[in-house]
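data-v7.cif (mmCIF, C-alpha atoms) appears below.
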```cif
data_target
loop_
_atom_site.label_atom_id
_atom_site.label_comp_id
_atom_site.auth_asym_id
_atom_site.auth_seq_id
_atom_site.Cartn_x
_atom_site.Cartn_y
_atom_site.Cartn_z
CA MET A 5 133.07 -3.03 -14.72
CA GLU A 6 131.64 0.03 -16.42
CA PHE A 7 129.50 -2.02 -18.83
CA ALA A 8 128.30 -4.61 -16.34
CA ASN A 9 125.08 -6.16 -17.68
CA LYS A 10 124.87 -3.69 -20.57
CA VAL A 11 124.19 -5.20 -23.99
CA VAL A 12 126.72 -4.32 -26.68
CA LEU A 13 126.00 -5.31 -30.30
CA ILE A 14 129.01 -5.52 -32.64
CA THR A 15 128.87 -6.20 -36.37
CA GLY A 16 131.99 -7.47 -38.06
CA ALA A 17 132.78 -8.81 -34.61
CA THR A 18 135.31 -11.42 -35.70
CA GLY A 19 137.52 -9.05 -37.70
CA GLY A 20 140.57 -7.32 -36.25
CA ILE A 21 138.86 -4.20 -34.93
CA GLY A 22 135.66 -6.02 -34.01
CA SER A 23 137.35 -8.72 -31.95
CA ALA A 24 139.62 -6.25 -30.14
CA THR A 25 136.57 -4.17 -29.27
CA ALA A 26 134.62 -7.21 -28.13
CA LYS A 27 137.50 -8.15 -25.84
CA LEU A 28 137.60 -4.69 -24.25
CA PHE A 29 133.85 -4.65 -23.62
CA ALA A 30 133.93 -8.20 -22.25
CA GLU A 31 136.68 -7.22 -19.81
CA ASN A 32 134.38 -4.46 -18.58
CA GLY A 33 131.37 -6.65 -17.91
CA ALA A 34 129.35 -6.29 -21.10
CA ILE A 35 126.89 -8.79 -22.50
CA LEU A 36 127.89 -9.23 -26.15
CA ALA A 37 125.90 -9.74 -29.34
CA LEU A 38 128.48 -10.79 -31.94
CA GLN A 39 127.62 -10.67 -35.65
CA SER A 40 129.67 -12.46 -38.27
CA THR A 41 129.03 -13.96 -41.69
CA ARG A 42 129.61 -17.34 -39.99
CA LYS A 43 127.99 -18.22 -36.68
CA GLN A 44 130.85 -20.58 -35.83
CA SER A 45 133.33 -17.70 -36.00
CA ALA A 46 131.26 -15.64 -33.57
CA GLU A 47 130.93 -18.62 -31.24
CA ALA A 48 134.70 -19.19 -31.38
CA LEU A 49 135.28 -15.55 -30.42
CA ALA A 50 132.89 -15.87 -27.46
CA GLU A 51 134.73 -19.00 -26.35
CA LYS A 52 138.07 -17.21 -26.63
CA LEU A 53 136.67 -14.41 -24.47
CA GLN A 54 135.42 -17.03 -21.97
CA LEU A 55 131.86 -15.77 -22.13
CA PRO A 56 129.22 -18.02 -20.59
CA GLU A 57 126.19 -18.79 -22.75
CA GLU A 58 123.97 -16.35 -20.89
CA ARG A 59 126.33 -13.44 -21.64
CA PHE A 60 126.56 -13.63 -25.42
CA ILE A 61 124.66 -14.39 -28.58
CA ALA A 62 126.34 -15.43 -31.83
CA LEU A 63 124.63 -13.93 -34.88
CA GLU A 64 125.09 -15.10 -38.47
CA ALA A 65 124.00 -12.44 -40.92
CA ASP A 66 124.77 -10.74 -44.20
CA VAL A 67 124.52 -7.08 -43.22
CA SER A 68 123.84 -6.07 -46.82
CA GLN A 69 120.47 -7.86 -46.61
CA GLU A 70 117.72 -5.98 -44.78
CA ALA A 71 115.95 -9.16 -43.68
CA ASP A 72 119.15 -10.45 -42.06
CA VAL A 73 119.67 -7.21 -40.15
CA LYS A 74 116.08 -7.14 -38.94
CA GLU A 75 116.48 -10.75 -37.83
CA TYR A 76 119.72 -10.21 -35.88
CA VAL A 77 118.26 -7.22 -34.05
CA GLU A 78 115.16 -9.23 -33.15
CA ALA A 79 117.36 -12.09 -31.92
CA VAL A 80 119.26 -9.77 -29.58
CA LEU A 81 116.03 -8.32 -28.20
CA HIS A 82 114.50 -11.77 -27.76
CA LYS A 83 117.45 -12.93 -25.64
CA PHE A 84 118.43 -9.74 -23.80
CA GLY A 85 115.55 -7.27 -24.16
CA ARG A 86 117.63 -4.20 -24.96
CA ILE A 87 120.66 -2.80 -26.81
CA ASP A 88 122.79 -0.27 -24.91
CA ALA A 89 125.60 0.22 -27.42
CA PHE A 90 125.89 -0.64 -31.10
CA PHE A 91 129.24 -0.79 -32.88
CA ASN A 92 128.08 -0.65 -36.51
CA ASN A 93 131.41 -1.88 -37.77
CA ALA A 94 131.15 -4.47 -40.56
CA GLY A 95 132.99 -3.39 -43.69
CA VAL A 96 134.87 -4.56 -46.77
CA GLU A 97 137.56 -2.89 -48.86
CA GLY A 98 136.63 -4.21 -52.30
CA LYS A 99 139.01 -4.60 -55.21
CA THR A 100 141.68 -2.01 -55.98
CA GLN A 101 140.70 -0.62 -59.39
CA PRO A 102 140.72 2.81 -61.05
CA ILE A 103 137.26 4.24 -61.62
CA HIS A 104 137.20 3.43 -65.35
CA GLU A 105 137.92 -0.24 -64.58
CA THR A 106 135.65 -0.60 -61.53
CA THR A 107 133.12 -3.35 -62.09
CA ALA A 108 129.49 -3.20 -61.07
CA ASP A 109 129.85 -6.22 -58.80
CA ASN A 110 132.75 -4.58 -56.94
CA LEU A 111 130.74 -1.38 -56.45
CA GLU A 112 127.67 -3.31 -55.35
CA LYS A 113 129.57 -5.49 -52.87
CA VAL A 114 131.29 -2.55 -51.18
CA PHE A 115 128.14 -0.43 -51.02
CA GLY A 116 126.11 -3.43 -49.91
CA VAL A 117 128.20 -3.97 -46.78
CA ASN A 118 129.56 -0.49 -46.05
CA VAL A 119 126.50 1.63 -46.85
CA TYR A 120 123.43 -0.61 -46.87
CA GLY A 121 124.75 -2.56 -43.87
CA VAL A 122 125.29 0.59 -41.84
CA PHE A 123 121.95 2.04 -42.97
CA TYR A 124 119.99 -1.10 -42.09
CA GLY A 125 121.75 -1.30 -38.74
CA LEU A 126 120.63 2.23 -37.96
CA LYS A 127 117.12 1.55 -39.29
CA TYR A 128 116.52 -1.33 -36.87
CA VAL A 129 118.63 -0.39 -33.83
CA LEU A 130 117.64 3.28 -33.58
CA PRO A 131 113.96 2.55 -32.76
CA VAL A 132 115.09 0.22 -29.97
CA MET A 133 117.27 2.89 -28.40
CA VAL A 134 114.73 5.66 -28.94
CA ALA A 135 112.14 3.56 -27.09
CA GLN A 136 114.66 3.04 -24.26
CA LYS A 137 115.55 6.76 -24.38
CA SER A 138 119.20 5.76 -24.15
CA GLY A 139 121.95 4.24 -26.23
CA SER A 140 125.09 4.98 -28.18
CA ILE A 141 125.87 4.01 -31.77
CA ILE A 142 129.35 4.10 -33.24
CA ASN A 143 129.68 3.72 -37.01
CA THR A 144 133.00 2.75 -38.57
CA ALA A 145 133.94 5.23 -41.28
CA SER A 146 137.59 5.88 -42.24
CA VAL A 147 140.06 8.59 -43.17
CA ALA A 148 138.82 7.57 -46.63
CA GLY A 149 135.54 9.20 -45.64
CA LEU A 150 137.30 12.55 -45.50
CA THR A 151 139.64 12.39 -48.48
CA GLY A 152 140.32 10.43 -51.67
CA PHE A 153 142.49 7.38 -52.40
CA PRO A 154 143.33 6.37 -55.97
CA GLY A 155 142.06 2.95 -56.93
CA MET A 156 139.52 2.73 -54.10
CA ALA A 157 136.57 4.77 -55.35
CA PRO A 158 133.80 2.45 -54.04
CA TYR A 159 135.41 2.24 -50.60
CA VAL A 160 136.03 6.00 -50.43
CA ALA A 161 132.49 6.81 -51.55
CA SER A 162 131.04 4.32 -49.07
CA LYS A 163 132.89 5.83 -46.13
CA HIS A 164 131.82 9.35 -47.11
CA ALA A 165 128.27 7.97 -47.04
CA VAL A 166 128.78 6.55 -43.52
CA ILE A 167 129.67 10.01 -42.25
CA GLY A 168 126.52 11.47 -43.82
CA LEU A 169 124.39 8.74 -42.30
CA THR A 170 125.99 9.33 -38.91
CA ARG A 171 125.19 13.04 -38.91
CA THR A 172 121.62 12.48 -40.04
CA ALA A 173 120.94 9.72 -37.52
CA ALA A 174 122.41 11.83 -34.72
CA LEU A 175 119.99 14.65 -35.48
CA GLU A 176 117.03 12.30 -35.71
CA ALA A 177 117.78 10.54 -32.41
CA ALA A 178 119.08 13.36 -30.22
CA ALA A 179 115.73 14.30 -28.69
CA ALA A 180 115.46 10.78 -27.26
CA GLY A 181 118.90 10.98 -25.68
CA VAL A 182 120.42 8.55 -28.19
CA ARG A 183 123.90 9.38 -29.48
CA VAL A 184 125.40 8.51 -32.88
CA ASN A 185 129.04 9.07 -33.80
CA ALA A 186 131.56 7.84 -36.37
CA ILE A 187 135.20 6.89 -36.09
CA CYS A 188 137.69 7.50 -38.89
CA PRO A 189 140.76 5.30 -38.53
CA ALA A 190 143.87 5.52 -40.65
CA PRO A 191 145.27 2.14 -41.83
CA VAL A 192 144.96 -0.46 -39.09
CA ASN A 193 147.12 -3.55 -38.70
CA THR A 194 144.43 -6.03 -39.79
CA ARG A 195 143.52 -8.44 -42.57
CA MET A 196 142.08 -5.58 -44.62
CA MET A 197 145.46 -3.89 -44.91
CA ARG A 198 147.12 -7.20 -45.78
CA ALA A 199 144.67 -7.52 -48.69
CA ILE A 200 145.25 -3.94 -49.86
CA GLU A 201 149.02 -4.41 -49.64
CA ALA A 202 148.84 -7.67 -51.59
CA ALA A 203 146.78 -6.03 -54.35
CA SER A 204 149.70 -3.71 -55.10
CA GLY A 205 151.88 -6.62 -56.19
CA ASN A 206 154.59 -5.64 -53.73
CA PRO A 207 153.18 -5.92 -50.20
CA GLU A 208 156.32 -4.82 -48.37
CA GLU A 209 156.73 -1.66 -50.43
CA ALA A 210 153.02 -0.92 -50.16
CA ARG A 211 153.22 -1.18 -46.37
CA LYS A 212 156.17 1.20 -46.26
CA SER A 213 154.34 3.61 -48.53
CA PHE A 214 151.17 3.60 -46.40
CA GLN A 215 153.17 4.04 -43.20
CA SER A 216 155.18 6.90 -44.69
CA VAL A 217 152.10 9.15 -44.91
CA VAL A 218 151.28 8.61 -41.23
CA PRO A 219 153.26 11.06 -39.07
CA LEU A 220 153.47 8.44 -36.30
CA SER A 221 155.13 6.19 -38.95
CA ARG A 222 153.06 3.06 -38.30
CA TYR A 223 149.65 1.49 -38.61
CA ALA A 224 147.18 1.70 -35.75
CA GLU A 225 146.65 -1.44 -33.73
CA PRO A 226 143.08 -2.76 -33.40
CA GLU A 227 143.24 -2.29 -29.62
CA GLU A 228 143.83 1.43 -30.10
CA ILE A 229 140.68 1.75 -32.21
CA ALA A 230 138.77 -0.25 -29.60
CA GLN A 231 139.62 2.32 -26.93
CA LEU A 232 137.97 5.11 -28.94
CA VAL A 233 134.88 2.99 -29.59
CA TYR A 234 134.68 2.18 -25.88
CA PHE A 235 134.88 5.86 -24.95
CA LEU A 236 132.13 6.85 -27.40
CA ALA A 237 129.91 4.04 -26.10
CA SER A 238 130.43 5.01 -22.48
CA ASP A 239 128.85 7.68 -20.32
CA LYS A 240 132.17 9.56 -20.42
CA SER A 241 131.06 10.83 -23.84
CA SER A 242 127.53 11.73 -22.77
CA PHE A 243 127.50 15.13 -24.55
CA ILE A 244 129.05 13.86 -27.79
CA THR A 245 126.84 13.12 -30.79
CA GLY A 246 126.98 13.70 -34.54
CA GLY A 247 130.77 13.70 -34.39
CA THR A 248 133.38 12.29 -36.73
CA TYR A 249 136.43 11.23 -34.75
CA LEU A 250 139.82 10.85 -36.39
CA ILE A 251 142.16 8.22 -35.06
CA ASP A 252 144.82 8.49 -37.73
CA GLY A 253 148.25 9.09 -36.23
CA GLY A 254 148.23 12.62 -37.65
CA MET A 255 147.60 11.44 -41.22
CA THR A 256 145.09 14.18 -42.06
CA ALA A 257 146.80 16.95 -40.10
CA GLY A 258 149.00 18.13 -42.97
#
```
Here is a file; write its structure as structure tokens.
Amino acid sequence: MEFANKVVLITGATGGIGSATAKLFAENGAILALQSTRKQSAEALAEKLQLPEERFIALEADVSQEADVKEYVEAVLHKFGRIDAFFNNAGVEGKTQPIHETTADNLEKVFGVNVYGVFYGLKYVLPVMVAQKSGSIINTASVAGLTGFPGMAPYVASKHAVIGLTRTAALEAAAAGVRVNAICPAPVNTRMMRAIEAASGNPEEARKSFQSVVPLSRYAEPEEIAQLVYFLASDKSSFITGGTYLIDGGMTAG
């Protein structure tokens, strides 16, 4: 029970990666703060994980709105008094469009969640951890934060931004013993990839195409991503900060 009585805050908690990560932390004794755009979804996840009321809080918030982020952090502190690990994970893929066809609302939606959401999470959680002089933050970037993908300019740009935010936050918080890292998954077997596949007009061929550029010849499973998040949140990674960790089946090795 490595995380017994430690408070773990997860945004995008009801998505594929978020829920798999919540499950792993719950199995290891954590108290969970679960953010979703719908409180009922977060409550349903807590029920599925068989968490008693005193060991979780369900948070409804739009992470692109600063007031919502401030409010969810305050709610966690009001109930539990601290935040030991923060999986800053909420993200959206946006529409698949070439740059010259990308609409302002698509750009704004993707940046709102993927950049503003991550930034606001850091803005309000970092002071909590700095005051504690302990804590670990894991931001969800992507292999798209390290390379380009045609038709996904807002998403690619947003994930590059997450890596920059991670490195800056790590430098700002290091003196207090607070660690900040980013993970960069390749395609993961979740709803997001179903949406991207469907946008191609031929989901089966799109899936084969995406898998063909991964040397391990498959998508990652959410549980595999959760294991990396868990490691970076744990004391086993106590000398790791400012890092960008690929979990991509060899996709960027070539």
Inset, instruction - Return as a PyMOL selection string the set of residues that the PyMOL selection byres ((chain A and resi 193) around 10) yields on the displayed structure. - result: chain A and resi 20-21+190-192+194-198+222-227
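For the residues A:Thr15, A:Thr144, A:Ile200, A:His82, ranking by smallest atom-to-atom distance to A:Gly98 using only C-alpha atoms places A:Ile200 first.
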Inset, instruction - Identify the residues within 10 Å of coordinate (125.7, 1.8, -24.7) (same frame as the file), considering all atoms listed in the file, and give the answer as number ranges by chain. - result: A: 7, 10-13, 34, 87-91, 133, 138-142, 182-183, 234, 236-239
Dump of C-alpha atoms for the selected residues, as a PDB file, in the frame of the given file:
```pdb
ATOM      1  CA  PHE A   7     129.500  -2.020 -18.830  1.00  0.00           C
ATOM      2  CA  LYS A  10     124.870  -3.690 -20.570  1.00  0.00           C
ATOM      3  CA  VAL A  11     124.190  -5.200 -23.990  1.00  0.00           C
ATOM      4  CA  VAL A  12     126.720  -4.320 -26.680  1.00  0.00           C
ATOM      5  CA  LEU A  13     126.000  -5.310 -30.300  1.00  0.00           C
ATOM      6  CA  ALA A  34     129.350  -6.290 -21.100  1.00  0.00           C
ATOM      7  CA  ILE A  87     120.660  -2.800 -26.810  1.00  0.00           C
ATOM      8  CA  ASP A  88     122.790  -0.270 -24.910  1.00  0.00           C
ATOM      9  CA  ALA A  89     125.600   0.220 -27.420  1.00  0.00           C
ATOM     10  CA  PHE A  90     125.890  -0.640 -31.100  1.00  0.00           C
ATOM     11  CA  PHE A  91     129.240  -0.790 -32.880  1.00  0.00           C
ATOM     12  CA  MET A 133     117.270   2.890 -28.400  1.00  0.00           C
ATOM     13  CA  SER A 138     119.200   5.760 -24.150  1.00  0.00           C
ATOM     14  CA  GLY A 139     121.950   4.240 -26.230  1.00  0.00           C
ATOM     15  CA  SER A 140     125.090   4.980 -28.180  1.00  0.00           C
ATOM     16  CA  ILE A 141     125.870   4.010 -31.770  1.00  0.00           C
ATOM     17  CA  ILE A 142     129.350   4.100 -33.240  1.00  0.00           C
ATOM     18  CA  VAL A 182     120.420   8.550 -28.190  1.00  0.00           C
ATOM     19  CA  ARG A 183     123.900   9.380 -29.480  1.00  0.00           C
ATOM     20  CA  TYR A 234     134.680   2.180 -25.880  1.00  0.00           C
ATOM     21  CA  LEU A 236     132.130   6.850 -27.400  1.00  0.00           C
ATOM     22  CA  ALA A 237     129.910   4.040 -26.100  1.00  0.00           C
ATOM     23  CA  SER A 238     130.430   5.010 -22.480  1.00  0.00           C
ATOM     24  CA  ASP A 239     128.850   7.680 -20.320  1.00  0.00           C
TER      25      ASP A 239
END
```
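Using all atoms listed in the file, the shortest contact distance between A:Ala37 and any of A:Asp72, A:Glu6, A:Glu78, A:Glu97 is found at A:Glu78.
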Using all atoms of stretch 83-87 of chain A that appear in the file, construct an axis-aligned enclosing box with 5 Å of padding on every side and provide its centre coordinates and edge lengths in Å, rounded to one decimal, as JSON.
```
{"center_x": 118.1, "center_y": -7.9, "center_z": -25.3, "size_x": 15.1, "size_y": 20.1, "size_z": 13.0}
```
Inset, instruction - Might you spell out which residues the PyMOL selection byres ((chain A and resi 64) around 12) would select in the displayed file, as JSON, numbers by chain? - result: {"A": [14, 15, 16, 17, 18, 37, 38, 39, 40, 41, 42, 43, 44, 45, 46, 47, 61, 62, 63, 65, 66, 67, 69, 72, 73, 75, 76, 77, 79, 80]}
Legend entry - Given the PyMOL selection byres ((chain A and resi 248) around 7), the residues it picks as a PyMOL selection string: chain A and resi 185-188+246-247+249-250
Inset, instruction - For stretch 160-166 of chain A, please output as a VMD selection string all residues within 9 Å (counting only C-alpha atoms; exclusion window: fewer than 5 positions along the same chain). - result: chain A and resid 114 to 115 118 to 119 122 to 123 143 to 153 171 186 188
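Of the listed residues A:Ser23, A:Ala203, A:Leu53, A:Pro131, the one whose atoms come nearest to A:Asn93 is A:Ser23, with distances taken using only C-alpha atoms.
For the pair atom CA of A:Gly19 and atom CA of A:Ser204, the interatomic distance is 21.9 Å.
The spacing separating atom CA of A:Ala210 from atom CA of A:Thr100 amounts to 12.8 Å.
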Legend entry - Between atom CA of A:Ala94 and atom CA of A:Pro56 - distance in Å to one decimal: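 Between atom CA of A:Pro56 and atom CA of A:Ala94 the gap is 24.2 Å.
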